[in-house]
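Source file protein_32.txt; content: compact mmCIF, C-alpha atoms.
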# COMPACT_ATOMS: atom_id res chain seq x y z
CA MET O 11 71.83 -34.38 -64.81
CA ASN O 12 70.30 -31.42 -63.05
CA GLY O 13 70.80 -27.79 -63.89
CA ILE O 14 69.95 -24.19 -63.24
CA VAL O 15 68.18 -22.10 -65.87
CA TYR O 16 67.88 -18.38 -66.45
CA VAL O 17 66.01 -16.53 -69.16
CA ALA O 18 67.73 -13.29 -70.21
CA TYR O 19 66.97 -11.21 -73.28
CA GLY O 20 68.47 -7.76 -73.65
CA ALA O 21 71.48 -6.13 -72.05
CA LYS O 22 69.90 -5.37 -68.67
CA ALA O 23 68.56 -8.88 -68.15
CA LYS O 24 71.87 -10.41 -69.24
CA SER O 25 73.75 -8.19 -66.83
CA GLU O 26 71.38 -9.19 -64.03
CA ALA O 27 71.71 -12.86 -64.88
CA GLN O 28 75.50 -12.58 -64.74
CA LEU O 29 75.28 -11.03 -61.27
CA SER O 30 72.92 -13.81 -60.16
CA ILE O 31 75.23 -16.49 -61.57
CA LYS O 32 78.19 -14.87 -59.84
CA SER O 33 76.33 -15.08 -56.53
CA LEU O 34 75.34 -18.68 -57.32
CA ARG O 35 78.92 -19.72 -58.05
CA ARG O 36 79.93 -19.03 -54.47
CA PHE O 37 77.99 -22.17 -53.55
CA THR O 38 77.85 -24.55 -56.51
CA ASP O 39 79.39 -25.42 -59.86
CA MET O 40 76.18 -27.04 -61.08
CA PRO O 41 75.57 -26.50 -64.82
CA VAL O 42 73.82 -23.28 -65.77
CA THR O 43 71.93 -22.52 -68.98
CA VAL O 44 70.96 -18.99 -69.96
CA ILE O 45 68.13 -19.00 -72.47
CA ASP O 46 68.60 -16.00 -74.76
CA GLU O 47 68.21 -15.12 -78.45
CA THR O 48 70.92 -17.62 -79.38
CA VAL O 49 68.81 -20.42 -77.90
CA PHE O 50 65.25 -19.33 -78.72
CA ASN O 51 64.37 -16.40 -80.92
CA ASN O 52 60.73 -15.89 -79.98
CA PRO O 53 60.83 -14.78 -76.34
CA GLY O 54 57.44 -13.05 -76.23
CA PRO O 55 56.51 -10.12 -73.95
CA GLY O 56 58.76 -10.01 -70.92
CA ALA O 57 60.47 -13.14 -72.31
CA ARG O 58 57.66 -15.18 -70.77
CA TRP O 59 57.11 -17.32 -73.83
CA ALA O 60 60.76 -18.33 -73.64
CA LYS O 61 60.37 -19.07 -69.92
CA LEU O 62 57.30 -21.25 -70.50
CA ASN O 63 59.17 -23.18 -73.17
CA MET O 64 62.21 -23.82 -71.02
CA ASP O 65 61.29 -27.45 -70.42
CA THR O 66 61.70 -28.02 -74.16
CA LEU O 67 64.88 -25.95 -74.47
CA VAL O 68 67.08 -27.66 -71.88
CA ASN O 69 67.87 -31.31 -71.29
CA TYR O 70 68.28 -31.32 -67.53
CA ASP O 71 66.30 -33.96 -65.66
CA GLN O 72 65.48 -31.49 -62.92
CA VAL O 73 65.62 -27.74 -63.14
CA LEU O 74 65.99 -24.83 -60.80
CA TYR O 75 64.63 -21.82 -62.64
CA LEU O 76 65.78 -18.43 -61.36
CA ASP O 77 64.66 -15.00 -62.53
CA ALA O 78 67.64 -12.93 -63.67
CA ASP O 79 67.14 -10.39 -60.88
CA THR O 80 67.79 -12.89 -58.11
CA ARG O 81 70.80 -13.11 -55.83
CA ILE O 82 71.81 -16.39 -54.25
CA ASN O 83 72.69 -16.35 -50.56
CA GLU O 84 72.92 -20.09 -49.79
CA ASP O 85 73.52 -23.39 -51.49
CA VAL O 86 70.35 -23.88 -53.53
CA THR O 87 71.23 -27.36 -54.74
CA SER O 88 69.71 -28.83 -51.58
CA GLY O 89 66.35 -27.90 -53.09
CA PHE O 90 66.71 -30.65 -55.67
CA GLU O 91 66.22 -33.21 -52.89
CA LEU O 92 62.60 -32.10 -52.74
CA LEU O 93 62.08 -33.37 -56.26
CA ASP O 94 62.66 -36.93 -55.07
CA ASN O 95 59.13 -36.74 -53.71
CA TRP O 96 57.57 -33.72 -55.42
CA ASP O 97 57.18 -32.55 -58.99
CA LEU O 98 57.27 -28.80 -58.46
CA ALA O 99 58.54 -26.69 -55.57
CA ILE O 100 57.50 -23.06 -55.52
CA ALA O 101 56.82 -20.31 -53.00
CA PRO O 102 53.58 -18.35 -52.53
CA SER O 103 53.54 -14.82 -53.86
CA LYS O 104 53.54 -11.96 -51.38
CA ASN O 105 50.27 -10.85 -53.00
CA GLN O 106 47.44 -12.81 -51.46
CA GLY O 107 43.85 -12.23 -50.35
CA ASN O 108 42.52 -8.93 -51.66
CA GLU O 109 45.81 -8.35 -53.47
CA ILE O 110 45.73 -11.58 -55.43
CA PHE O 111 46.59 -11.06 -59.10
CA LYS O 112 46.81 -7.32 -58.57
CA HIS O 113 49.38 -7.27 -61.37
CA ILE O 114 46.54 -8.10 -63.78
CA GLN O 115 43.86 -6.15 -61.97
CA ASP O 116 42.79 -4.29 -65.10
CA SER O 117 42.41 -7.41 -67.18
CA ASP O 118 39.50 -9.82 -67.23
CA GLU O 119 42.14 -12.54 -66.84
CA LYS O 120 41.84 -12.31 -63.05
CA GLN O 121 38.09 -12.95 -62.95
CA GLU O 122 38.26 -15.59 -65.64
CA THR O 123 41.04 -17.40 -63.81
CA LEU O 124 39.26 -17.48 -60.47
CA HIS O 125 36.08 -18.61 -62.20
CA GLU O 126 37.77 -21.33 -64.22
CA ILE O 127 39.83 -22.83 -61.43
CA GLY O 128 36.63 -23.03 -59.38
CA ASN O 129 38.19 -21.32 -56.39
CA TRP O 130 37.76 -17.62 -55.72
CA PHE O 131 40.22 -17.83 -52.82
CA PRO O 132 43.34 -19.64 -54.03
CA ILE O 133 47.01 -19.11 -53.24
CA GLN O 134 48.92 -17.11 -55.82
CA LEU O 135 52.29 -18.67 -56.61
CA GLN O 136 55.45 -16.71 -57.42
CA CYS O 137 57.00 -18.09 -60.60
CA GLY O 138 60.38 -16.33 -60.37
CA VAL O 139 61.98 -19.25 -58.53
CA MET O 140 60.88 -22.81 -59.23
CA LEU O 141 62.31 -26.27 -58.90
CA PHE O 142 60.70 -28.85 -61.15
CA ASP O 143 61.13 -32.30 -62.58
CA ARG O 144 61.10 -31.77 -66.32
CA LEU O 145 59.45 -35.05 -67.29
CA ARG O 146 56.85 -35.08 -64.54
CA CYS O 147 55.94 -31.46 -65.28
CA ALA O 148 55.84 -31.79 -69.08
CA LYS O 149 52.05 -31.82 -69.27
CA LEU O 150 51.82 -28.92 -66.84
CA PHE O 151 54.23 -26.82 -68.90
CA SER O 152 52.37 -27.67 -72.08
CA GLU O 153 49.09 -26.55 -70.51
CA TRP O 154 50.81 -23.49 -69.02
CA ARG O 155 51.79 -22.50 -72.56
CA ASN O 156 48.23 -23.05 -73.77
CA GLN O 157 46.84 -20.93 -70.97
CA TRP O 158 49.43 -18.18 -71.39
CA GLN O 159 48.54 -17.86 -75.09
CA ARG O 160 45.05 -16.66 -74.15
CA TRP O 161 46.21 -13.32 -72.72
CA GLN O 162 49.93 -13.39 -73.53
CA GLY O 163 50.84 -11.19 -70.59
CA GLN O 164 51.92 -12.30 -67.11
CA ASP O 165 52.33 -15.96 -66.22
CA GLN O 166 51.07 -16.49 -62.65
CA ALA O 167 47.35 -16.73 -63.40
CA ALA O 168 48.11 -18.96 -66.36
CA LEU O 169 50.01 -21.28 -64.01
CA LEU O 170 47.01 -21.62 -61.68
CA ARG O 171 44.73 -22.37 -64.63
CA ALA O 172 47.23 -24.92 -65.91
CA LEU O 173 47.51 -26.55 -62.48
CA ALA O 174 43.73 -26.84 -62.30
CA ILE O 175 43.83 -28.82 -65.54
CA GLU O 176 47.10 -30.72 -65.12
CA PRO O 177 47.80 -30.79 -61.39
CA VAL O 178 51.17 -32.00 -60.16
CA ARG O 179 52.61 -32.66 -56.73
CA VAL O 180 53.45 -29.17 -55.45
CA TRP O 181 55.68 -28.64 -52.43
CA LEU O 182 55.37 -25.12 -51.08
CA LEU O 183 58.60 -23.33 -50.29
CA GLY O 184 59.01 -20.63 -47.68
CA LYS O 185 59.50 -17.02 -48.67
CA CYS O 186 63.22 -17.41 -47.92
CA TRP O 187 63.35 -19.00 -51.37
CA ASN O 188 61.81 -16.10 -53.22
CA SER O 189 61.34 -12.70 -51.66
CA GLU O 190 62.99 -9.31 -51.40
CA ASP O 191 64.64 -10.40 -48.16
CA GLY O 192 65.04 -14.06 -49.10
CA THR O 193 67.81 -15.68 -47.11
CA ILE O 194 68.26 -18.42 -49.71
CA VAL O 195 67.23 -16.55 -52.85
CA GLN O 196 66.79 -12.81 -52.72
CA HIS O 197 64.48 -11.60 -55.47
CA LEU O 198 64.94 -7.96 -56.36
CA PHE O 199 61.74 -7.85 -58.47
CA GLY O 200 63.30 -5.51 -61.00
CA ARG O 201 64.32 -2.93 -58.40
CA VAL O 202 67.97 -2.91 -59.40
CA MET G 10 11.43 -24.60 -55.29
CA ALA G 11 14.43 -24.98 -57.57
CA LEU G 12 17.46 -23.21 -56.16
CA VAL G 13 20.38 -21.73 -58.04
CA TRP G 14 23.92 -21.28 -56.78
CA VAL G 15 25.08 -17.71 -57.19
CA TRP G 16 28.34 -15.93 -56.40
CA ALA G 17 27.90 -12.57 -54.73
CA LYS G 18 29.63 -9.61 -56.40
CA THR G 19 28.28 -7.19 -53.79
CA ILE G 20 26.79 -7.57 -50.32
CA ILE G 21 23.36 -9.14 -50.71
CA ARG G 22 20.67 -10.20 -48.25
CA ILE G 23 18.90 -13.48 -48.76
CA GLU G 24 16.17 -15.24 -46.84
CA GLU G 25 17.15 -18.57 -45.36
CA ASN G 26 14.79 -20.61 -43.16
CA GLY G 27 12.71 -17.50 -42.48
CA THR G 28 15.59 -15.26 -41.46
CA LEU G 29 17.66 -12.81 -43.46
CA ARG G 30 21.31 -13.64 -43.98
CA THR G 31 24.03 -11.34 -45.26
CA VAL G 32 26.15 -12.73 -48.06
CA HIS G 33 29.46 -11.02 -48.68
CA PRO G 34 31.24 -10.51 -52.00
CA GLY G 35 32.95 -13.69 -53.07
CA ASP G 36 30.67 -15.98 -51.08
CA TRP G 37 28.35 -18.56 -52.58
CA CYS G 38 24.71 -18.97 -51.69
CA GLN G 39 21.57 -20.56 -53.02
CA VAL G 40 18.55 -18.50 -54.04
CA GLY G 41 15.34 -19.14 -55.93
CA ARG G 42 15.34 -18.70 -59.69
CA GLN G 43 13.30 -15.48 -59.58
CA GLN G 44 15.60 -13.86 -57.04
CA ALA G 45 18.61 -15.06 -59.02
CA LYS G 46 17.24 -13.32 -62.11
CA GLU G 47 16.72 -10.09 -60.15
CA LEU G 48 20.19 -10.20 -58.60
CA LEU G 49 21.70 -10.97 -61.98
CA ALA G 50 19.84 -8.07 -63.59
CA ASN G 51 21.22 -5.76 -60.89
CA ASP G 52 24.73 -7.10 -61.49
CA GLN G 53 24.91 -8.22 -57.85
CA VAL G 54 25.74 -11.87 -58.55
CA LYS G 55 27.31 -14.20 -61.05
CA ILE G 56 25.93 -17.60 -61.98
CA LEU G 57 28.26 -20.42 -62.82
CA ASN G 58 28.20 -21.97 -66.23
CA PRO G 59 26.25 -25.24 -66.29
CA THR G 60 29.24 -27.58 -66.42
CA VAL G 61 30.84 -26.07 -63.32
CA LEU G 62 27.45 -25.88 -61.66
CA GLN G 63 27.01 -29.60 -62.14
CA THR G 64 30.41 -30.28 -60.61
CA VAL G 65 29.69 -28.14 -57.61
CA GLN G 66 26.21 -29.47 -57.01
CA ASP G 67 26.93 -33.15 -57.31
CA LEU G 68 27.66 -34.01 -53.71
CA THR G 69 26.39 -37.57 -53.74
CA ASP G 70 29.81 -38.98 -52.86
CA CYS G 71 30.57 -36.36 -50.20
CA THR G 72 30.55 -36.65 -46.43
CA ILE G 73 31.35 -34.14 -43.72
CA LEU G 74 33.20 -35.73 -40.82
CA LEU G 75 33.42 -33.69 -37.64
CA LYS G 76 36.20 -33.99 -35.07
CA GLY G 77 36.33 -32.77 -31.50
CA ILE G 78 33.44 -31.81 -29.28
CA ILE G 79 30.42 -31.77 -31.52
CA ASN G 80 27.61 -29.48 -30.56
CA GLU G 81 24.37 -31.04 -31.80
CA SER G 82 22.95 -27.72 -32.94
CA GLN G 83 26.13 -27.05 -34.95
CA ARG G 84 25.82 -30.47 -36.55
CA GLY G 85 22.18 -29.80 -37.35
CA HIS G 86 23.04 -26.42 -38.83
CA ILE G 87 25.65 -27.96 -41.13
CA ALA G 88 23.34 -30.81 -42.11
CA ALA G 89 20.60 -28.31 -42.98
CA LYS G 90 23.00 -26.28 -45.08
CA PHE G 91 24.13 -29.27 -47.12
CA PRO G 92 21.04 -31.42 -47.57
CA GLY G 93 21.82 -34.95 -48.65
CA VAL G 94 25.40 -34.77 -47.41
CA PRO G 95 25.92 -37.01 -44.37
CA VAL G 96 27.35 -35.14 -41.38
CA GLU G 97 28.95 -37.61 -39.01
CA ALA G 98 31.54 -37.87 -36.27
CA TRP G 99 35.06 -38.68 -37.41
CA GLN G 100 35.92 -42.30 -36.70
CA GLY G 101 38.94 -42.70 -38.89
CA TYR G 102 39.53 -42.78 -42.63
CA PRO G 103 36.20 -43.88 -44.09
CA ALA G 104 36.07 -47.03 -46.14
CA ASN G 105 33.57 -46.04 -48.77
CA GLN G 106 33.36 -42.29 -49.22
CA GLY G 107 34.63 -40.74 -52.44
CA ARG G 108 35.20 -37.25 -51.02
CA PHE G 109 35.08 -36.11 -47.46
CA LEU G 110 35.75 -33.07 -45.35
CA VAL G 111 37.50 -33.66 -42.05
CA TRP G 112 36.62 -30.71 -39.88
CA ASP G 113 37.91 -30.22 -36.37
CA MET G 114 35.22 -28.07 -34.81
CA THR G 115 37.79 -25.88 -33.08
CA ALA G 116 38.51 -24.41 -36.52
CA GLN G 117 36.05 -21.86 -37.84
CA LEU G 118 35.98 -22.93 -41.45
CA LYS G 119 34.12 -20.49 -43.70
CA GLU G 120 31.07 -22.58 -44.49
CA ASP G 121 30.50 -20.83 -47.80
CA LEU G 122 33.74 -22.38 -49.05
CA ILE G 123 32.79 -25.98 -48.35
CA LEU G 124 31.34 -26.51 -51.81
CA THR G 125 34.46 -25.05 -53.37
CA GLY G 126 36.59 -27.38 -51.29
CA PHE G 127 34.64 -30.43 -52.44
CA SER G 128 34.76 -29.32 -56.07
CA LEU G 129 38.56 -28.97 -55.91
CA LEU G 130 38.73 -32.69 -55.22
CA ASN G 131 37.60 -33.41 -58.75
CA LYS G 132 41.20 -32.75 -59.73
CA TRP G 133 43.16 -32.69 -56.48
CA GLN G 134 43.51 -35.46 -53.91
CA LEU G 135 43.72 -33.17 -50.94
CA ALA G 136 43.03 -29.50 -50.18
CA VAL G 137 44.26 -28.05 -46.90
CA PRO G 138 44.65 -24.46 -45.71
CA LEU G 139 47.95 -23.12 -44.52
CA LEU G 140 48.31 -22.09 -40.90
CA GLY G 141 49.68 -18.74 -42.10
CA PHE G 142 51.91 -17.50 -44.90
CA ASP G 143 54.58 -16.52 -42.40
CA ILE G 144 54.24 -19.47 -40.04
CA LEU G 145 57.08 -21.75 -41.02
CA ALA G 146 57.95 -25.18 -39.67
CA ASP G 147 61.01 -23.84 -37.85
CA LYS G 148 58.67 -21.86 -35.58
CA VAL G 149 56.29 -24.71 -34.74
CA GLY G 150 56.58 -27.68 -32.38
CA THR G 151 59.27 -28.70 -29.94
CA PRO G 152 63.01 -28.82 -30.76
CA ASP G 153 62.82 -32.64 -30.91
CA GLU G 154 59.88 -32.50 -33.31
CA GLN G 155 61.77 -30.04 -35.46
CA VAL G 156 64.81 -32.32 -35.64
CA GLU G 157 62.58 -35.25 -36.58
CA THR G 158 60.79 -33.17 -39.19
CA LYS G 159 63.94 -31.75 -40.73
CA ALA G 160 65.26 -35.27 -41.20
CA VAL G 161 62.24 -35.98 -43.41
CA ILE G 162 61.52 -32.72 -45.26
CA HIS G 163 65.15 -31.44 -45.39
CA ASP G 164 64.41 -27.79 -44.62
CA LEU G 165 62.06 -26.35 -42.03
CA ARG G 166 61.69 -23.00 -43.76
CA VAL G 167 58.43 -24.04 -45.36
CA PRO G 168 54.82 -23.07 -44.64
CA VAL G 169 52.90 -25.27 -42.23
CA TYR G 170 49.43 -26.59 -42.98
CA ASN G 171 46.42 -26.35 -40.72
CA PRO G 172 45.16 -29.94 -40.72
CA ARG G 173 42.11 -29.09 -38.64
CA VAL G 174 40.34 -28.67 -41.98
CA MET G 175 41.02 -31.09 -44.80
CA PHE G 176 39.14 -31.82 -47.99
CA VAL G 177 40.10 -35.35 -48.95
CA ARG G 178 39.55 -37.56 -51.94
CA GLN G 179 39.73 -41.24 -51.15
CA CYS G 180 42.85 -42.65 -52.79
CA ARG G 181 46.02 -44.56 -51.95
CA GLU G 182 47.98 -41.40 -51.16
CA THR G 183 45.48 -39.89 -48.73
CA ARG G 184 44.92 -43.28 -47.12
CA GLN G 185 48.66 -43.53 -46.54
CA LEU G 186 48.70 -40.01 -45.14
CA PHE G 187 45.99 -40.70 -42.60
CA ASP G 188 47.43 -44.09 -41.65
CA ALA G 189 50.84 -42.57 -40.96
CA TRP G 190 49.72 -39.33 -39.31
CA GLN G 191 49.16 -40.59 -35.81
CA ASP G 192 50.29 -37.79 -33.51
CA GLY G 193 47.82 -35.18 -34.76
CA SER G 194 50.47 -32.47 -34.76
CA GLU G 195 51.14 -29.93 -37.49
CA LEU G 196 54.74 -31.03 -37.95
CA GLY G 197 53.62 -34.66 -37.94
CA PHE G 198 51.21 -33.77 -40.72
CA LEU G 199 54.00 -32.11 -42.70
CA ARG G 200 56.20 -35.19 -42.35
CA THR G 201 53.52 -37.61 -43.45
CA LEU G 202 52.39 -35.30 -46.23
CA TYR G 203 55.94 -35.23 -47.56
CA GLN G 204 56.16 -39.00 -47.56
CA ALA G 205 52.64 -39.81 -48.79
CA ARG G 206 52.96 -37.30 -51.67
CA PRO G 207 49.30 -36.61 -52.42
CA ILE G 208 48.39 -34.08 -55.09
CA VAL G 209 47.67 -31.36 -52.59
CA ASN G 210 46.09 -27.98 -53.19
CA ALA G 211 47.31 -25.56 -50.55
CA LEU G 212 44.58 -23.12 -49.57
CA PRO G 213 45.10 -19.69 -48.04
CA PRO G 214 44.86 -19.41 -44.25
CA SER G 215 41.87 -17.12 -44.77
CA TRP G 216 39.68 -20.16 -45.42
CA ILE G 217 39.54 -20.37 -41.62
CA LEU G 218 38.28 -17.38 -39.66

For this file, produce the structure as structure tokens.
Amino acid sequence: MNGIVYVAYGAKAKSEAQLSIKSLRRFTDMPVTVIDETVFNNPGPGARWAKLNMDTLVNYDQVLYLDADTRINEDVTSGFELLDNWDLAIAPSKNQGNEIFKHIQDSDEKQETLHEIGNWFPIQLQCGVMLFDRLRCAKLFSEWRNQWQRWQGQDQAALLRALAIEPVRVWLLGKCWNSEDGTIVQHLFGRV
Amino acid sequence: MALVWVWAKTIIRIEENGTLRTVHPGDWCQVGRQQAKELLANDQVKILNPTVLQTVQDLTDCTILLKGIINESQRGHIAAKFPGVPVEAWQGYPANQGRFLVWDMTAQLKEDLILTGFSLLNKWQLAVPLLGFDILADKVGTPDEQVETKAVIHDLRVPVYNPRVMFVRQCRETRQLFDAWQDGSELGFLRTLYQARPIVNALPPSWIL
């Protein structure tokens, strides 16, 4: 069985998740799990530790993860078809080139990441919307957790380091899946 | 003279075959040990740790395969830049090369990234730049090609690759990709990529000038 997962700790995140689910329900009755303090009581900063543990907290075969501050504008269940052939489907971040990892600009995590993955010019991936096969991505998630523990801050650089160690078959989505003006999934990036 | 790979943190000038070359921040280059020490002391470069250095430098299983109209001086330039790496004309998926770069000479690949591309193949089966972050499959090809492509990949609102530059590790998946990709088109590449399912590392479009 496939399902859709949110992570929502605190009143604001829960309220956002409810709005996202309401928008989702216009298109599908697929099962939804909201990971909160009743499911996992150690969310970590920004609830990222909870997010990186989601593969161990739900039993779905394949998962669509959505940030709470997303709004669904189309039937997203068609995205699960991609997982017949691919392990992870994710869109590039809008921050690329000179702006890559600008959210961790003041940390040595950026330099260390680019050095360790052996590529000073990679594509940054946006982790707020992801489709993944839970079993085929188990090693990736495990390594993602290991990598996140090193700085315990944001999760995008940790994902690239994890992918460099445990690569999976990644299908790139268009920005319609994860952007401020996304026609499939609109991501408000906290500006609500 | 033993050479050391360094990564430029600032603009530096190095001598190469008797002429000065400008190396920009983020680019790799080889310099002598003494110059490397000086650059390092001035905080102008970074040197890789030995394990990564070994990975990057071991090119014994690598080949550069050129497509299109090959200018002999271009070929010579590339061969001189990567001593020991065969530079040959593309004649189809090679039978006995571990890693290879397929490079259509109409694409201006940043040469300083070639070593990076080869090193990515230690973990990935394929590394290919995107055509552009905003160039999606629904804006490429003819209507018929789009219909054919949508039937395979389900949704055309996905980034398109630029298959004029491909770093390839020899394996079943990449062999299948090259066998099936006959039309040479970008949408054709996307269709065969989807079906062959290699472990692909998408590179930014900026890898090509």

What is the distance, in Å and to one decimal place, between CA of Val17 (chain O) and CA of Asp191 (chain O)?
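Between these atoms lies a distance of 21.9 Å.
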
May I ask you to extract the residues of chain O within 9 Å of chain G, using all atoms listed in the file, and to give them as JSON, numbers by chain?
{"O": [88, 89, 91, 92, 95, 96, 101, 102, 104, 106, 107, 125, 126, 127, 128, 129, 130, 131, 132, 133, 174, 175, 176, 177, 178, 179, 180, 181, 182, 183, 184, 185, 186, 187]}

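Here CA of Leu170 (chain O) and CA of Trp158 (chain O) stand 10.6 Å from one another.
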
Quote the spacing between CA of Arg160 (chain O) and CA of Gly138 (chain O) in Å to one decimal place.
20.6 Å

Between O:Asp65, O:Asp143, O:Asp165, O:Asp71, which residue has the minimum interatomic distance to Met11 (chain O), considering only C-alpha atoms?
O:Asp71

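Using all atoms listed in the file, the nearest neighbour of Arg173 (chain G) within the list G:Glu81, G:Asp113, G:Asp70, G:Glu24 is G:Asp113.
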
Please return the centre and edge lengths, in Å to one decimal, of a box with edges along x, y and z that contains all listed atoms of region 93-109 of chain G, widened by 5 Å on every side, as AutoDock Vina command-line options.
--center_x 30.7 --center_y -40.9 --center_z -44.4 --size_x 27.7 --size_y 22.3 --size_z 26.2

Near Pro55 (chain O), counting all atoms listed in the file, which residues have an atom at most 9 Å away, once you skip same-chain residues fewer than 6 positions from it, shown as a PyMOL selection string?
chain O and resi 162-164

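Residue neighbourhood of Asn69 (chain O), excluding near-sequence residues (fewer than 4 positions): Met11, Asn12, Gly13, Thr43, Met64, Asp65, Val73 and Arg144 of chain O, at 10 Å, using all atoms listed in the file.
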
Leaving out Val139 (chain O) and any residue of its chain fewer than 5 positions from it, which residues lie within 7 Å of it when counting all atoms listed in the file, given as an MDAnalysis selection string?
chainID O and resid 75:77 100 188

For the residues in the current selection, export C-alpha atoms as a PDB file, in the frame of the given file.
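out_15.pdb, freshly written:
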ATOM      1  CA  TYR O  75      64.630 -21.820 -62.640  1.00  0.00           C
ATOM      2  CA  LEU O  76      65.780 -18.430 -61.360  1.00  0.00           C
ATOM      3  CA  ASP O  77      64.660 -15.000 -62.530  1.00  0.00           C
ATOM      4  CA  ILE O 100      57.500 -23.060 -55.520  1.00  0.00           C
ATOM      5  CA  ASN O 188      61.810 -16.100 -53.220  1.00  0.00           C
TER       6      ASN O 188
END

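The nearest approach to Arg36 (chain O) among the residues O:Asn83, O:Gln159, O:Asn63, O:Ser103, with all atoms listed in the file taken into account, belongs to O:Asn83.
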
Using all atoms listed in the file for the distances, tell me which of G:Ile21, G:Ala136, G:Leu199, G:Ala50 is nearest to Gln155 (chain G).
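The shortest atom-to-atom distance to Gln155 (chain G) comes from G:Leu199.
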
Kindly indicate which residue among G:Gln106, G:Thr19, G:Asn171, G:Ser194 lies nearest to Leu48 (chain G), using all atoms listed in the file for the distances.
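Ranking G:Gln106, G:Thr19, G:Asn171, G:Ser194 by distance to Leu48 (chain G), first place goes to G:Thr19.
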
Selected residue of minimal separation from Cys38 (chain G) among G:Glu97, G:Asp121, G:Asp67, G:Asp188, counting all atoms listed in the file:
G:Asp121

For Ile123 (chain G), list every protein, DNA or RNA residue within 12 Å, evaluated using all atoms listed in the file, and leave out those in the same chain fewer than 4 positions away; present the list as JSON, numbers by chain.
{"O": [129, 131], "G": [36, 37, 38, 65, 66, 68, 71, 72, 73, 87, 90, 91, 94, 108, 109, 110, 111, 112, 117, 118, 119, 127, 128, 129, 130, 136, 137, 174, 175, 176, 177, 216, 217]}
